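A.B. asks: File follows, run20.cif with mmCIF, C-alpha atoms:
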data_start
loop_
_atom_site.label_atom_id
_atom_site.label_comp_id
_atom_site.auth_asym_id
_atom_site.auth_seq_id
_atom_site.Cartn_x
_atom_site.Cartn_y
_atom_site.Cartn_z
CA MET A 14 86.38 124.20 111.18
CA LYS A 15 88.25 123.79 107.90
CA VAL A 16 88.46 120.11 106.97
CA ALA A 17 90.40 118.62 104.05
CA VAL A 18 89.13 115.31 102.71
CA LEU A 19 91.73 113.48 100.67
CA GLY A 20 89.92 111.43 98.04
CA ALA A 21 86.67 111.90 96.11
CA GLY A 22 85.57 108.30 95.76
CA VAL A 23 82.25 107.19 97.18
CA VAL A 24 83.76 107.11 100.69
CA GLY A 25 85.47 110.49 100.53
CA THR A 26 82.50 112.17 98.87
CA SER A 27 80.13 110.78 101.51
CA THR A 28 82.44 112.10 104.22
CA ALA A 29 82.52 115.53 102.59
CA TYR A 30 78.73 115.65 102.37
CA PHE A 31 78.17 114.91 106.07
CA LEU A 32 80.91 117.32 107.12
CA ALA A 33 79.39 120.06 104.98
CA GLU A 34 75.97 119.26 106.40
CA ASP A 35 77.45 119.86 109.86
CA GLY A 36 78.57 123.31 108.74
CA HIS A 37 82.29 122.71 108.30
CA ASP A 38 84.40 124.45 105.64
CA VAL A 39 85.21 121.41 103.50
CA VAL A 40 87.72 121.03 100.69
CA VAL A 41 88.09 117.72 98.81
CA LEU A 42 91.31 116.93 96.94
CA ASP A 43 91.48 114.29 94.23
CA ARG A 44 93.82 113.66 91.31
CA GLN A 45 91.00 112.59 89.01
CA GLY A 46 88.74 114.90 87.04
CA GLY A 47 85.59 114.19 89.04
CA ALA A 48 84.02 112.25 91.88
CA GLY A 49 84.03 108.45 91.85
CA GLN A 50 86.53 108.05 89.02
CA GLU A 51 88.67 105.23 90.44
CA THR A 52 87.48 102.28 92.54
CA SER A 53 83.91 103.61 92.63
CA PHE A 54 83.75 103.94 88.85
CA ALA A 55 82.41 100.53 87.79
CA ASN A 56 82.14 98.31 90.85
CA GLY A 57 79.58 95.58 91.41
CA GLY A 58 76.92 98.05 92.49
CA GLN A 59 75.78 96.21 95.61
CA ILE A 60 75.02 97.75 99.00
CA SER A 61 75.58 94.37 100.57
CA ALA A 62 75.64 94.00 104.33
CA CYS A 63 75.13 90.33 103.51
CA HIS A 64 78.78 90.19 102.38
CA ALA A 65 80.07 90.95 105.86
CA LYS A 66 81.79 87.57 106.07
CA PRO A 67 85.53 88.39 106.06
CA TRP A 68 87.92 87.02 103.49
CA ALA A 69 90.12 85.52 106.19
CA GLY A 70 88.79 82.22 107.52
CA PRO A 71 89.99 78.75 108.56
CA LYS A 72 89.64 77.21 105.08
CA VAL A 73 90.93 80.15 103.06
CA PRO A 74 94.74 79.57 103.13
CA TRP A 75 94.50 76.14 101.50
CA GLN A 76 91.96 77.32 98.92
CA ALA A 77 94.07 80.38 98.11
CA PHE A 78 97.11 78.13 97.64
CA LEU A 79 95.24 75.98 95.14
CA TRP A 80 94.10 79.08 93.26
CA THR A 81 97.70 80.29 92.76
CA PHE A 82 97.96 77.83 89.87
CA GLN A 83 94.82 79.11 88.11
CA PRO A 84 95.27 82.40 86.18
CA ASP A 85 91.48 82.89 86.08
CA ALA A 86 90.90 81.97 89.76
CA PRO A 87 88.50 84.12 91.85
CA LEU A 88 91.42 85.10 94.10
CA LEU A 89 94.84 85.31 92.49
CA PHE A 90 98.14 86.09 94.15
CA LYS A 91 101.74 85.10 93.53
CA PRO A 92 103.52 84.82 96.88
CA TRP A 93 106.87 84.21 95.20
CA ARG A 94 106.82 87.71 93.64
CA PHE A 95 109.09 90.20 95.45
CA ASP A 96 106.52 92.30 97.27
CA PRO A 97 107.30 93.11 100.94
CA ALA A 98 104.00 94.99 101.29
CA LEU A 99 102.06 91.88 100.28
CA TRP A 100 104.13 89.63 102.54
CA SER A 101 103.51 91.89 105.54
CA TRP A 102 99.80 92.10 104.74
CA GLY A 103 99.65 88.35 104.13
CA LEU A 104 101.09 87.49 107.54
CA LYS A 105 98.43 89.63 109.20
CA PHE A 106 95.81 87.99 106.98
CA LEU A 107 96.91 84.51 108.07
CA ALA A 108 96.68 85.59 111.72
CA ASN A 109 93.00 86.32 111.08
CA CYS A 110 92.30 82.91 109.52
CA THR A 111 90.90 81.36 112.68
CA GLY A 112 87.31 80.69 113.60
CA GLU A 113 87.40 83.12 116.52
CA ARG A 114 88.94 85.94 114.47
CA GLU A 115 86.44 85.29 111.70
CA ARG A 116 83.55 85.73 114.16
CA ILE A 117 84.99 88.94 115.63
CA ASN A 118 85.71 90.43 112.21
CA MET A 119 82.26 89.54 110.91
CA ASP A 120 80.69 91.30 113.87
CA ARG A 121 82.75 94.45 113.29
CA THR A 122 82.15 94.53 109.55
CA LEU A 123 78.41 93.95 109.89
CA ARG A 124 78.20 96.68 112.54
CA VAL A 125 79.43 99.26 110.02
CA ALA A 126 77.51 97.81 107.07
CA LEU A 127 74.10 97.74 108.77
CA TYR A 128 74.57 101.23 110.13
CA SER A 129 75.64 102.52 106.74
CA ARG A 130 72.63 100.99 105.04
CA ALA A 131 70.37 102.84 107.48
CA VAL A 132 72.23 106.13 106.94
CA LEU A 133 71.90 105.74 103.16
CA LYS A 134 68.18 105.15 103.50
CA ALA A 135 67.78 108.30 105.58
CA LEU A 136 69.89 110.28 103.12
CA ARG A 137 67.77 109.10 100.21
CA GLN A 138 64.57 110.06 101.98
CA LYS A 139 65.97 113.49 102.84
CA THR A 140 67.49 114.41 99.47
CA ASN A 141 65.72 112.15 96.94
CA ILE A 142 69.12 111.38 95.45
CA GLN A 143 68.88 109.14 92.36
CA TYR A 144 71.50 106.60 91.29
CA ASP A 145 69.69 103.74 89.49
CA GLN A 146 68.90 102.29 92.88
CA GLN A 147 67.10 98.99 93.32
CA LEU A 148 65.65 98.38 96.77
CA ASN A 149 64.49 94.80 96.29
CA GLY A 150 67.34 92.98 97.98
CA ILE A 151 70.23 90.76 96.94
CA LEU A 152 69.76 87.13 95.92
CA HIS A 153 72.60 84.66 96.55
CA ILE A 154 72.55 81.60 94.30
CA TYR A 155 74.32 78.29 94.90
CA ARG A 156 75.24 75.62 92.40
CA THR A 157 76.36 72.76 94.69
CA LYS A 158 74.87 71.28 97.84
CA PRO A 159 78.05 71.64 99.96
CA GLU A 160 78.30 75.33 99.06
CA PHE A 161 74.63 75.83 99.85
CA ALA A 162 75.08 74.14 103.23
CA HIS A 163 78.05 76.41 103.96
CA GLY A 164 76.00 79.43 102.90
CA ARG A 165 73.21 78.50 105.29
CA ARG A 166 75.70 78.20 108.15
CA THR A 167 77.07 81.66 107.36
CA ALA A 168 73.51 82.99 107.17
CA ALA A 169 72.86 81.64 110.66
CA GLN A 170 75.94 83.50 111.93
CA LEU A 171 74.80 86.73 110.28
CA ALA A 172 71.29 86.29 111.66
CA ALA A 173 72.71 86.03 115.18
CA LEU A 174 74.44 89.37 114.54
CA GLY A 175 71.31 91.08 113.26
CA LEU A 176 71.06 90.37 109.53
CA ALA A 177 68.26 88.02 108.52
CA GLN A 178 68.24 86.06 105.26
CA ASP A 179 65.57 83.81 103.75
CA VAL A 180 66.47 80.30 102.59
CA LEU A 181 65.08 79.60 99.10
CA THR A 182 64.50 76.56 96.92
CA PRO A 183 65.41 76.80 93.21
CA GLY A 184 61.72 77.44 92.50
CA ASP A 185 61.70 80.23 95.08
CA CYS A 186 64.72 81.77 93.34
CA VAL A 187 62.75 81.99 90.10
CA LYS A 188 59.84 83.64 91.91
CA VAL A 189 62.25 86.28 93.19
CA GLU A 190 64.08 86.60 89.86
CA PRO A 191 62.27 85.19 86.79
CA ALA A 192 65.38 85.67 84.63
CA LEU A 193 66.89 82.65 86.43
CA ALA A 194 64.25 80.31 85.00
CA ASP A 195 66.56 78.88 82.33
CA ALA A 196 69.31 78.14 84.85
CA VAL A 197 66.87 76.39 87.18
CA ARG A 198 65.32 74.45 84.31
CA LYS A 199 68.79 73.14 83.40
CA GLY A 200 69.38 72.11 87.02
CA GLU A 201 72.23 74.58 87.57
CA LEU A 202 70.98 75.89 90.92
CA VAL A 203 70.39 73.99 94.16
CA GLY A 204 69.06 76.89 96.23
CA GLY A 205 69.49 80.45 97.31
CA LEU A 206 69.54 82.96 100.15
CA MET A 207 67.67 86.24 99.98
CA SER A 208 68.89 89.37 101.75
CA CYS A 209 65.68 91.36 101.46
CA ASP A 210 66.93 94.59 103.03
CA ASP A 211 70.08 94.97 100.97
CA GLU A 212 70.16 97.20 97.91
CA SER A 213 72.03 98.01 94.72
CA GLY A 214 72.83 101.07 92.67
CA ASP A 215 75.44 102.90 90.62
CA ALA A 216 78.25 104.04 92.93
CA LEU A 217 79.64 106.40 90.28
CA ARG A 218 76.34 108.16 89.74
CA PHE A 219 75.79 108.31 93.50
CA SER A 220 79.22 109.88 94.02
CA GLU A 221 78.59 112.47 91.31
CA GLU A 222 75.15 113.40 92.63
CA LEU A 223 76.29 113.49 96.26
CA ALA A 224 79.22 115.72 95.30
CA LYS A 225 76.69 118.18 93.87
CA LEU A 226 74.69 118.08 97.10
CA ALA A 227 77.86 118.61 99.14
CA ALA A 228 78.89 121.52 96.91
CA ALA A 229 75.46 123.07 97.40
CA ARG A 230 76.22 122.98 101.14
CA GLY A 231 79.51 124.78 100.64
CA ALA A 232 82.03 121.98 100.05
CA LYS A 233 84.75 122.72 97.49
CA PHE A 234 86.01 119.95 95.22
CA ARG A 235 89.48 120.43 93.79
CA TYR A 236 89.96 117.89 91.02
CA GLY A 237 93.11 117.14 89.06
CA VAL A 238 95.25 117.83 92.13
CA ASP A 239 98.25 115.69 93.07
CA ILE A 240 98.96 115.49 96.81
CA ARG A 241 102.72 115.66 97.24
CA THR A 242 103.43 115.96 100.95
CA LEU A 243 101.70 116.05 104.31
CA GLU A 244 103.72 118.24 106.67
CA HIS A 245 103.39 117.85 110.43
CA ASP A 246 104.85 119.05 113.73
CA GLY A 247 104.74 115.67 115.42
CA LYS A 248 101.28 116.20 116.87
CA ARG A 249 99.22 117.60 114.01
CA VAL A 250 99.19 117.69 110.24
CA THR A 251 100.05 121.31 109.54
CA ARG A 252 100.06 121.58 105.76
CA ILE A 253 99.03 119.66 102.66
CA VAL A 254 101.39 120.39 99.79
CA THR A 255 99.94 119.82 96.31
CA ASP A 256 101.04 120.58 92.77
CA GLN A 257 98.43 123.34 92.68
CA GLY A 258 98.87 125.18 95.95
CA ASP A 259 98.81 124.25 99.61
CA GLU A 260 96.04 123.70 102.15
CA THR A 261 96.31 124.38 105.89
CA PRO A 262 93.21 122.72 107.34
CA ASP A 263 92.21 122.25 110.96
CA ALA A 264 91.47 118.55 110.33
CA VAL A 265 92.36 116.04 107.63
CA VAL A 266 90.47 112.90 106.54
CA LEU A 267 92.47 110.29 104.64
CA SER A 268 90.14 108.52 102.18
CA LEU A 269 92.45 107.63 99.32
CA GLY A 270 91.50 103.97 99.12
CA SER A 271 94.41 101.75 98.16
CA TYR A 272 96.71 104.76 97.97
CA SER A 273 96.11 105.70 101.61
CA PRO A 274 99.13 103.78 102.96
CA LEU A 275 101.45 105.46 100.44
CA VAL A 276 100.48 108.88 101.80
CA ALA A 277 100.28 107.80 105.44
CA ARG A 278 103.84 106.51 105.49
CA GLN A 279 105.03 110.12 105.07
CA LEU A 280 103.75 110.55 108.62
CA GLY A 281 105.29 107.36 109.93
CA LEU A 282 101.93 105.56 109.92
CA LYS A 283 101.82 101.98 108.68
CA LEU A 284 98.37 101.25 107.34
CA PRO A 285 97.78 97.53 106.65
CA VAL A 286 95.91 98.26 103.43
CA TYR A 287 96.77 96.39 100.22
CA PRO A 288 95.09 96.73 96.81
CA ALA A 289 92.86 93.88 95.68
CA LYS A 290 92.27 94.44 91.99
CA GLY A 291 88.73 93.69 90.94
CA TYR A 292 87.24 93.48 87.46
CA SER A 293 83.89 94.25 85.92
CA ILE A 294 82.14 94.33 82.57
CA THR A 295 79.09 96.37 81.66
CA ALA A 296 76.75 95.45 78.79
CA GLU A 297 73.72 97.15 77.31
CA ILE A 298 70.48 95.28 78.04
CA GLU A 299 68.66 94.46 74.81
CA ASP A 300 65.90 92.23 76.19
CA PRO A 301 64.75 93.64 79.55
CA SER A 302 62.56 90.60 80.25
CA ALA A 303 65.62 88.32 80.14
CA ALA A 304 67.79 90.48 82.39
CA PRO A 305 67.74 90.36 86.19
CA THR A 306 65.96 93.04 88.18
CA VAL A 307 67.30 91.81 91.52
CA SER A 308 71.02 92.05 92.18
CA ILE A 309 72.48 88.54 92.25
CA THR A 310 75.57 87.07 93.87
CA ASP A 311 76.78 83.80 92.38
CA GLU A 312 78.39 82.24 95.44
CA THR A 313 79.93 79.41 93.43
CA ARG A 314 81.63 81.61 90.86
CA PHE A 315 82.29 84.59 93.16
CA MET A 316 80.56 87.07 90.87
CA VAL A 317 77.79 89.63 91.16
CA PHE A 318 75.23 90.68 88.56
CA THR A 319 73.53 94.05 88.99
CA ARG A 320 71.08 95.89 86.80
CA LEU A 321 71.80 99.61 86.56
CA GLY A 322 69.08 101.17 84.45
CA ASN A 323 69.46 99.71 80.95
CA LYS A 324 72.88 98.24 81.71
CA LEU A 325 73.95 94.94 83.25
CA ARG A 326 77.05 95.08 85.45
CA VAL A 327 79.03 91.90 86.16
CA ALA A 328 81.86 92.09 88.68
CA GLY A 329 84.14 89.77 90.55
CA THR A 330 87.59 88.32 91.12
CA ALA A 331 90.39 89.68 93.28
CA GLU A 332 94.02 89.93 92.27
CA LEU A 333 96.73 90.77 94.79
CA ALA A 334 99.34 92.24 92.47
CA GLY A 335 100.29 95.55 94.03
CA TRP A 336 99.36 98.96 92.67
CA ASN A 337 98.97 97.57 89.18
CA THR A 338 96.01 98.79 87.13
CA HIS A 339 96.74 96.76 83.98
CA LEU A 340 93.55 95.17 82.65
CA ASP A 341 94.24 91.48 82.05
CA PRO A 342 91.90 89.87 79.44
CA VAL A 343 92.36 86.50 81.17
CA ARG A 344 90.63 87.91 84.25
CA VAL A 345 87.84 89.44 82.18
CA ALA A 346 86.99 86.24 80.28
CA PRO A 347 85.24 84.39 83.17
CA LEU A 348 82.94 87.36 83.74
CA ALA A 349 81.85 87.34 80.11
CA LYS A 350 81.50 83.56 79.99
CA ASN A 351 79.32 83.37 83.07
CA VAL A 352 76.95 86.22 82.26
CA MET A 353 76.41 84.79 78.78
CA SER A 354 75.62 81.44 80.36
CA LEU A 355 73.33 82.72 83.08
CA PHE A 356 71.49 85.42 81.10
CA PRO A 357 72.08 84.53 77.44
CA ARG A 358 69.13 86.49 76.04
CA ALA A 359 69.60 89.67 78.04
CA SER A 360 72.16 91.10 75.62
CA SER A 361 74.18 90.29 72.54
CA TYR A 362 77.24 91.20 74.64
CA LYS A 363 78.96 92.80 71.66
CA GLU A 364 80.47 95.51 73.84
CA LEU A 365 81.55 94.45 77.32
CA ASN A 366 83.17 97.71 78.55
CA ALA A 367 85.73 95.93 80.71
CA TRP A 368 87.19 97.74 83.72
CA CYS A 369 89.41 97.07 86.71
CA GLY A 370 90.00 98.96 89.95
CA LEU A 371 91.99 98.64 93.15
CA ARG A 372 89.95 97.86 96.25
CA PRO A 373 91.65 98.80 99.56
CA ALA A 374 91.71 95.57 101.57
CA THR A 375 92.69 95.15 105.21
CA PRO A 376 93.86 91.76 106.52
CA ASP A 377 90.69 91.35 108.60
CA SER A 378 88.20 92.89 106.10
CA VAL A 379 87.31 95.58 108.64
CA PRO A 380 87.78 99.21 107.56
CA LEU A 381 90.11 101.68 109.26
CA LEU A 382 87.86 104.28 110.88
CA GLY A 383 88.73 106.94 113.42
CA GLY A 384 91.60 108.98 114.76
CA THR A 385 95.35 108.49 114.71
CA LYS A 386 98.32 109.55 116.82
CA PHE A 387 98.00 112.93 115.08
CA ASP A 388 95.31 114.97 116.80
CA ASN A 389 93.72 116.22 113.58
CA LEU A 390 94.17 113.25 111.22
CA PHE A 391 91.30 110.80 110.73
CA LEU A 392 91.18 107.57 108.73
CA ASN A 393 88.29 106.51 106.53
CA THR A 394 89.78 103.84 104.33
CA GLY A 395 90.39 100.10 103.96
CA HIS A 396 86.80 99.11 103.11
CA GLY A 397 87.86 96.41 100.64
CA THR A 398 84.97 95.21 98.49
CA LEU A 399 82.44 97.00 100.73
CA GLY A 400 83.29 100.65 100.09
CA TRP A 401 79.92 101.35 98.45
CA THR A 402 78.17 99.40 101.20
CA MET A 403 79.90 101.26 104.04
CA ALA A 404 80.37 104.71 102.51
CA CYS A 405 77.51 106.63 104.08
CA GLY A 406 77.88 105.16 107.55
CA SER A 407 81.65 105.67 107.54
CA GLY A 408 81.23 109.26 106.39
CA ARG A 409 78.69 109.94 109.11
CA VAL A 410 81.00 108.45 111.78
CA ILE A 411 83.93 110.64 110.76
CA ALA A 412 81.74 113.75 110.65
CA ASP A 413 80.51 112.93 114.16
CA LEU A 414 84.06 112.55 115.48
CA ILE A 415 85.27 115.81 113.92
CA SER A 416 82.15 117.63 115.13
CA GLY A 417 82.74 116.43 118.70
CA ARG A 418 79.83 113.98 118.85
CA ASP A 419 79.86 110.36 119.86
CA PRO A 420 79.20 108.17 116.79
CA GLU A 421 75.98 106.18 116.78
CA ILE A 422 77.86 102.89 116.61
CA GLU A 423 80.55 101.39 118.83
CA MET A 424 84.02 102.27 117.52
CA ASP A 425 85.80 99.44 119.31
CA GLY A 426 87.90 97.40 116.91
CA LEU A 427 87.50 99.75 113.94
CA GLY A 428 90.62 101.86 114.31
CA LEU A 429 94.31 101.52 113.48
CA GLU A 430 95.06 100.62 117.10
CA ARG A 431 93.96 97.04 116.48
CA PHE A 432 97.10 96.62 114.38
CA GLY A 433 99.30 98.33 116.99
CA GLY A 434 99.22 101.72 115.22
#
Here is a file; write its structure as structure tokens.

C.D. replies:
Amino acid sequence: MKVAVLGAGVVGTSTAYFLAEDGHDVVVLDRQGGAGQETSFANGGQISACHAKPWAGPKVPWQAFLWTFQPDAPLLFKPWRFDPALWSWGLKFLANCTGERERINMDRTLRVALYSRAVLKALRQKTNIQYDQQLNGILHIYRTKPEFAHGRRTAAQLAALGLAQDVLTPGDCVKVEPALADAVRKGELVGGLMSCDDESGDALRFSEELAKLAAARGAKFRYGVDIRTLEHDGKRVTRIVTDQGDETPDAVVLSLGSYSPLVARQLGLKLPVYPAKGYSITAEIEDPSAAPTVSITDETRFMVFTRLGNKLRVAGTAELAGWNTHLDPVRVAPLAKNVMSLFPRASSYKELNAWCGLRPATPDSVPLLGGTKFDNLFLNTGHGTLGWTMACGSGRVIADLISGRDPEIEMDGLGLERFGG
């Protein structure tokens, strides 16, 4: 079967690999010059099933309102800006801000994340793919007692759903990550949670290496291609019109991240996906002994710190400002300030290599996976901040569906139908 995958980010590339492994004739279309060049380019680097807690929750609306007055807030949005797409998405988000919806959405998200982590592990064992991976877990640090108490409650919820975490004292945190010794000595940490089975690694390098493996299995990657139109006959997508020739595949996978809804609306599909702009900085490590070796999530400052070879990646913040890729120095400043405070001797931080990218967020933090009203169109998008975490599992699921197999996880609640589509 000829399958066109739209998008060569970490999600689209993973999908292409598993489809090619199944023997399909795969073509991948992407406007960039290579795999992983947009949202996957410089993300936080975490494969973090531990972050399955959805954004939408009972306390979030009030906190988000308070943050609207802080230009450097972890989550920034301006509801007064004329943006019908954000208003529509926001209403659906508010509908998910209940305790019951939070529990359901956490279950669905964790289902995909845990499966994907297992698929990645099997892929690594099979191919020996290298991407600056660290397999020693993710450490969550807390700076206040109320936040730590809340973190432990969330950990108990995740444990009930199959993800165990260890509760750590500040001294335990230093045993796990010696580079935190200065912060603990100054009394900045009150405790931590350790997700021992989570991982980290460079999503860009992974995408590039996996694209090579997919190509070796026959997949074709067409870069620098603009997708103009998806033609259909009411039941099937019949043609993909691009600026460099057309494709007439038997099946189509939409994996264009935040741009997925802009393409889907040509078909009359309304995807509740809105871009959440995230930022990162990457610094050269000059003193390896003072830099972390375990990926760290600062739960108080909503930032992650990940070592990728001889580089230190710091990522965080979310800005709901539409399809805007302008890099705002105000949003970069907290990242630089906090890494210099937490790991002051790891680098001189002369060059920060700031970056921003659009993460495709759904109102419930659950990706859009599966079929549509068109017989040959499949969705693999809307992974939000967990695209790297969910990429392999999502790709495997879509390959199973197209190949006529039942996926290895329950698909209930993962498709567009949950939003009435």

A.B. asks: Could you work out how far CA of Val352 in chain A lies from CA of Ala194 in chain A, giving the answer in Å with one decimal?

C.D. replies: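 Between these atoms lies a distance of 14.3 Å.
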
A.B. asks: Rank A:Thr295, A:Asn323, A:Thr306, A:Thr167 by their smallest atom-to-atom distance to Ala349 in chain A, using only C-alpha atoms, and report the top residue only.

C.D. replies: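 Selected residue with least distance to Ala349 in chain A: A:Thr295.
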
A.B. asks: List, as a ChimeraX atom specification, every residue that the PyMOL selection byres ((chain A and resi 277) around 12) selects in the file provided.

C.D. replies: /A:19,240-245,250,265-276,278-286,385-387,390-392,394,429,434

A.B. asks: Residues of the last selection are to be written out with C-alpha atoms, as a JSON list (two decimals), in the frame of the given file.

C.D. replies:
[["chain", "number", "residue", "atom", "x", "y", "z"],
["A", 19, "LEU", "CA", 91.73, 113.48, 100.67],
["A", 240, "ILE", "CA", 98.96, 115.49, 96.81],
["A", 241, "ARG", "CA", 102.72, 115.66, 97.24],
["A", 242, "THR", "CA", 103.43, 115.96, 100.95],
["A", 243, "LEU", "CA", 101.70, 116.05, 104.31],
["A", 244, "GLU", "CA", 103.72, 118.24, 106.67],
["A", 245, "HIS", "CA", 103.39, 117.85, 110.43],
["A", 250, "VAL", "CA", 99.19, 117.69, 110.24],
["A", 265, "VAL", "CA", 92.36, 116.04, 107.63],
["A", 266, "VAL", "CA", 90.47, 112.90, 106.54],
["A", 267, "LEU", "CA", 92.47, 110.29, 104.64],
["A", 268, "SER", "CA", 90.14, 108.52, 102.18],
["A", 269, "LEU", "CA", 92.45, 107.63, 99.32],
["A", 270, "GLY", "CA", 91.50, 103.97, 99.12],
["A", 271, "SER", "CA", 94.41, 101.75, 98.16],
["A", 272, "TYR", "CA", 96.71, 104.76, 97.97],
["A", 273, "SER", "CA", 96.11, 105.70, 101.61],
["A", 274, "PRO", "CA", 99.13, 103.78, 102.96],
["A", 275, "LEU", "CA", 101.45, 105.46, 100.44],
["A", 276, "VAL", "CA", 100.48, 108.88, 101.80],
["A", 278, "ARG", "CA", 103.84, 106.51, 105.49],
["A", 279, "GLN", "CA", 105.03, 110.12, 105.07],
["A", 280, "LEU", "CA", 103.75, 110.55, 108.62],
["A", 281, "GLY", "CA", 105.29, 107.36, 109.93],
["A", 282, "LEU", "CA", 101.93, 105.56, 109.92],
["A", 283, "LYS", "CA", 101.82, 101.98, 108.68],
["A", 284, "LEU", "CA", 98.37, 101.25, 107.34],
["A", 285, "PRO", "CA", 97.78, 97.53, 106.65],
["A", 286, "VAL", "CA", 95.91, 98.26, 103.43],
["A", 385, "THR", "CA", 95.35, 108.49, 114.71],
["A", 386, "LYS", "CA", 98.32, 109.55, 116.82],
["A", 387, "PHE", "CA", 98.00, 112.93, 115.08],
["A", 390, "LEU", "CA", 94.17, 113.25, 111.22],
["A", 391, "PHE", "CA", 91.30, 110.80, 110.73],
["A", 392, "LEU", "CA", 91.18, 107.57, 108.73],
["A", 394, "THR", "CA", 89.78, 103.84, 104.33],
["A", 429, "LEU", "CA", 94.31, 101.52, 113.48],
["A", 434, "GLY", "CA", 99.22, 101.72, 115.22]]

A.B. asks: Quick one: of A:Trp102, A:Thr182, A:Gly49, A:Gly335, who's nearest to Phe432 in chain A, counting all atoms listed in the file?

C.D. replies: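 So, comparing all the options, the nearest one is A:Trp102.
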
A.B. asks: Between CA of Ala216 in chain A and CA of Lys188 in chain A, what is the distance in Å, rounded to a tenth?

C.D. replies: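 Atom-to-atom, CA of Ala216 in chain A to CA of Lys188 in chain A, that is 27.5 Å.
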
A.B. asks: Could you check the closest approach to His153 in chain A for each of A:Asp96, A:Asp311, A:Asp300, A:Glu190 and tell me which residue wins, using only C-alpha atoms?

C.D. replies: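 Ranked by minimum distance to His153 in chain A, first place goes to A:Asp311.
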
A.B. asks: Using only C-alpha atoms, can you tell me which of A:Val238, A:Val307, A:Val24, A:Val39 comes closest to Asp263 in chain A?

C.D. replies: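 With only C-alpha atoms as the atom set, the closest residue is A:Val39.
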
A.B. asks: Enumerate, as a ChimeraX atom specification, the residues matched when the PyMOL selection byres ((chain A and resi 57-67) around 7) is run on the file above.

C.D. replies: /A:55-56,68-69,115,118-119,122-123,126-127,208,211-216,317,319,326-328,377-378,401-402

A.B. asks: Check which residues satisfy the PyMOL selection byres ((chain A and resi 303) around 7) in the file shown, then give them as a list in words.

C.D. replies: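 Applying the PyMOL selection byres ((chain A and resi 303) around 7) to the structure shown produces Ala192, Asp300, Pro301, Ser302, Ala304, Pro305, Phe356, Arg358 and Ala359 of chain A.
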
A.B. asks: Would you kindly return, as a list in words, each protein, DNA or RNA residue with an atom no farther than 10 Å from any atom of Ala196 in chain A, considering all atoms listed in the file and excluding same-chain residues fewer than 4 positions away?

C.D. replies: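 Close residues of Ala196 in chain A: Arg156, Pro183, Val187, Ala192, Gly200, Glu201, Leu202, Ser354, Leu355 and Phe356 of chain A.
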
A.B. asks: Go through A:Gln143, A:Arg235, A:Gly204, A:Leu371 one by one, measure the shortest atom-to-atom distance of each to Ala162 in chain A using only C-alpha atoms, and give the residue with the smallest value.

C.D. replies: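 So, comparing all the options, the nearest one is A:Gly204.
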
A.B. asks: Enter the distance from CA of Thr140 in chain A to CA of Ala232 in chain A, in Å, rounded to one decimal.

C.D. replies: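 Here the two named atoms are 16.4 Å from each other.
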
A.B. asks: Of the residues A:Ala334, A:Met424, A:Ala404, A:Ile309, which is the one nearest to Arg130 in chain A, using only C-alpha atoms?

C.D. replies: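 For Arg130 in chain A, the nearest of the candidates is A:Ala404.
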
A.B. asks: Would you compute, for all listed atoms of range 117-130 of chain A, the axis-aligned bounding box grown by 5 Å on each side, and then report its centre and edge lengths in Å rounded to one decimal, as AutoDock Vina command-line options?

C.D. replies:
--center_x 79.2 --center_y 95.7 --center_z 110.3 --size_x 23.1 --size_y 23.6 --size_z 20.6

A.B. asks: Which residues come within 12 Å of Arg137 in chain A, counting only C-alpha atoms, excluding same-chain residues fewer than 5 positions away, as a list in words?

C.D. replies: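 Near Arg137 in chain A, the qualifying residues are Arg130, Ala131, Val132, Ile142, Gln143, Tyr144, Gln146, Leu148, Phe219, Glu222, Leu223, Leu226 and Cys405 of chain A.
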
A.B. asks: Let's have the selection written as a PDB file, keeping the file's coordinate frame, with C-alpha atoms.

C.D. replies:
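This went into selection04.pdb:
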ATOM      1  CA  ARG A 130      72.630 100.990 105.040  1.00  0.00           C
ATOM      2  CA  ALA A 131      70.370 102.840 107.480  1.00  0.00           C
ATOM      3  CA  VAL A 132      72.230 106.130 106.940  1.00  0.00           C
ATOM      4  CA  ILE A 142      69.120 111.380  95.450  1.00  0.00           C
ATOM      5  CA  GLN A 143      68.880 109.140  92.360  1.00  0.00           C
ATOM      6  CA  TYR A 144      71.500 106.600  91.290  1.00  0.00           C
ATOM      7  CA  GLN A 146      68.900 102.290  92.880  1.00  0.00           C
ATOM      8  CA  LEU A 148      65.650  98.380  96.770  1.00  0.00           C
ATOM      9  CA  PHE A 219      75.790 108.310  93.500  1.00  0.00           C
ATOM     10  CA  GLU A 222      75.150 113.400  92.630  1.00  0.00           C
ATOM     11  CA  LEU A 223      76.290 113.490  96.260  1.00  0.00           C
ATOM     12  CA  LEU A 226      74.690 118.080  97.100  1.00  0.00           C
ATOM     13  CA  CYS A 405      77.510 106.630 104.080  1.00  0.00           C
TER      14      CYS A 405
END

A.B. asks: Which residues, written as number ranges by chain, have at least one atom at most 12 Å from Leu99 in chain A, with all atoms listed in the file counted and residues fewer than 3 positions away on the same chain left out?

C.D. replies: A: 90-96, 102-107, 285-289, 332-336, 374-376

A.B. asks: Report as a list in words all protein, DNA and RNA residues lying within 8 Å of Ser407 in chain A, evaluated on all atoms listed in the file, omitting residues in the same chain fewer than 6 positions from it.

C.D. replies: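 Close residues of Ser407 in chain A: Val24, Thr28, Val125, Ser129, Leu382 and Asn393 of chain A.
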
A.B. asks: Quick one: residues within 9 Å of Leu414 in chain A, all atoms listed in the file counted, chain neighbours fewer than 5 positions away excluded, as a ChimeraX atom specification?

C.D. replies: /A:383-384,391,409,419-420
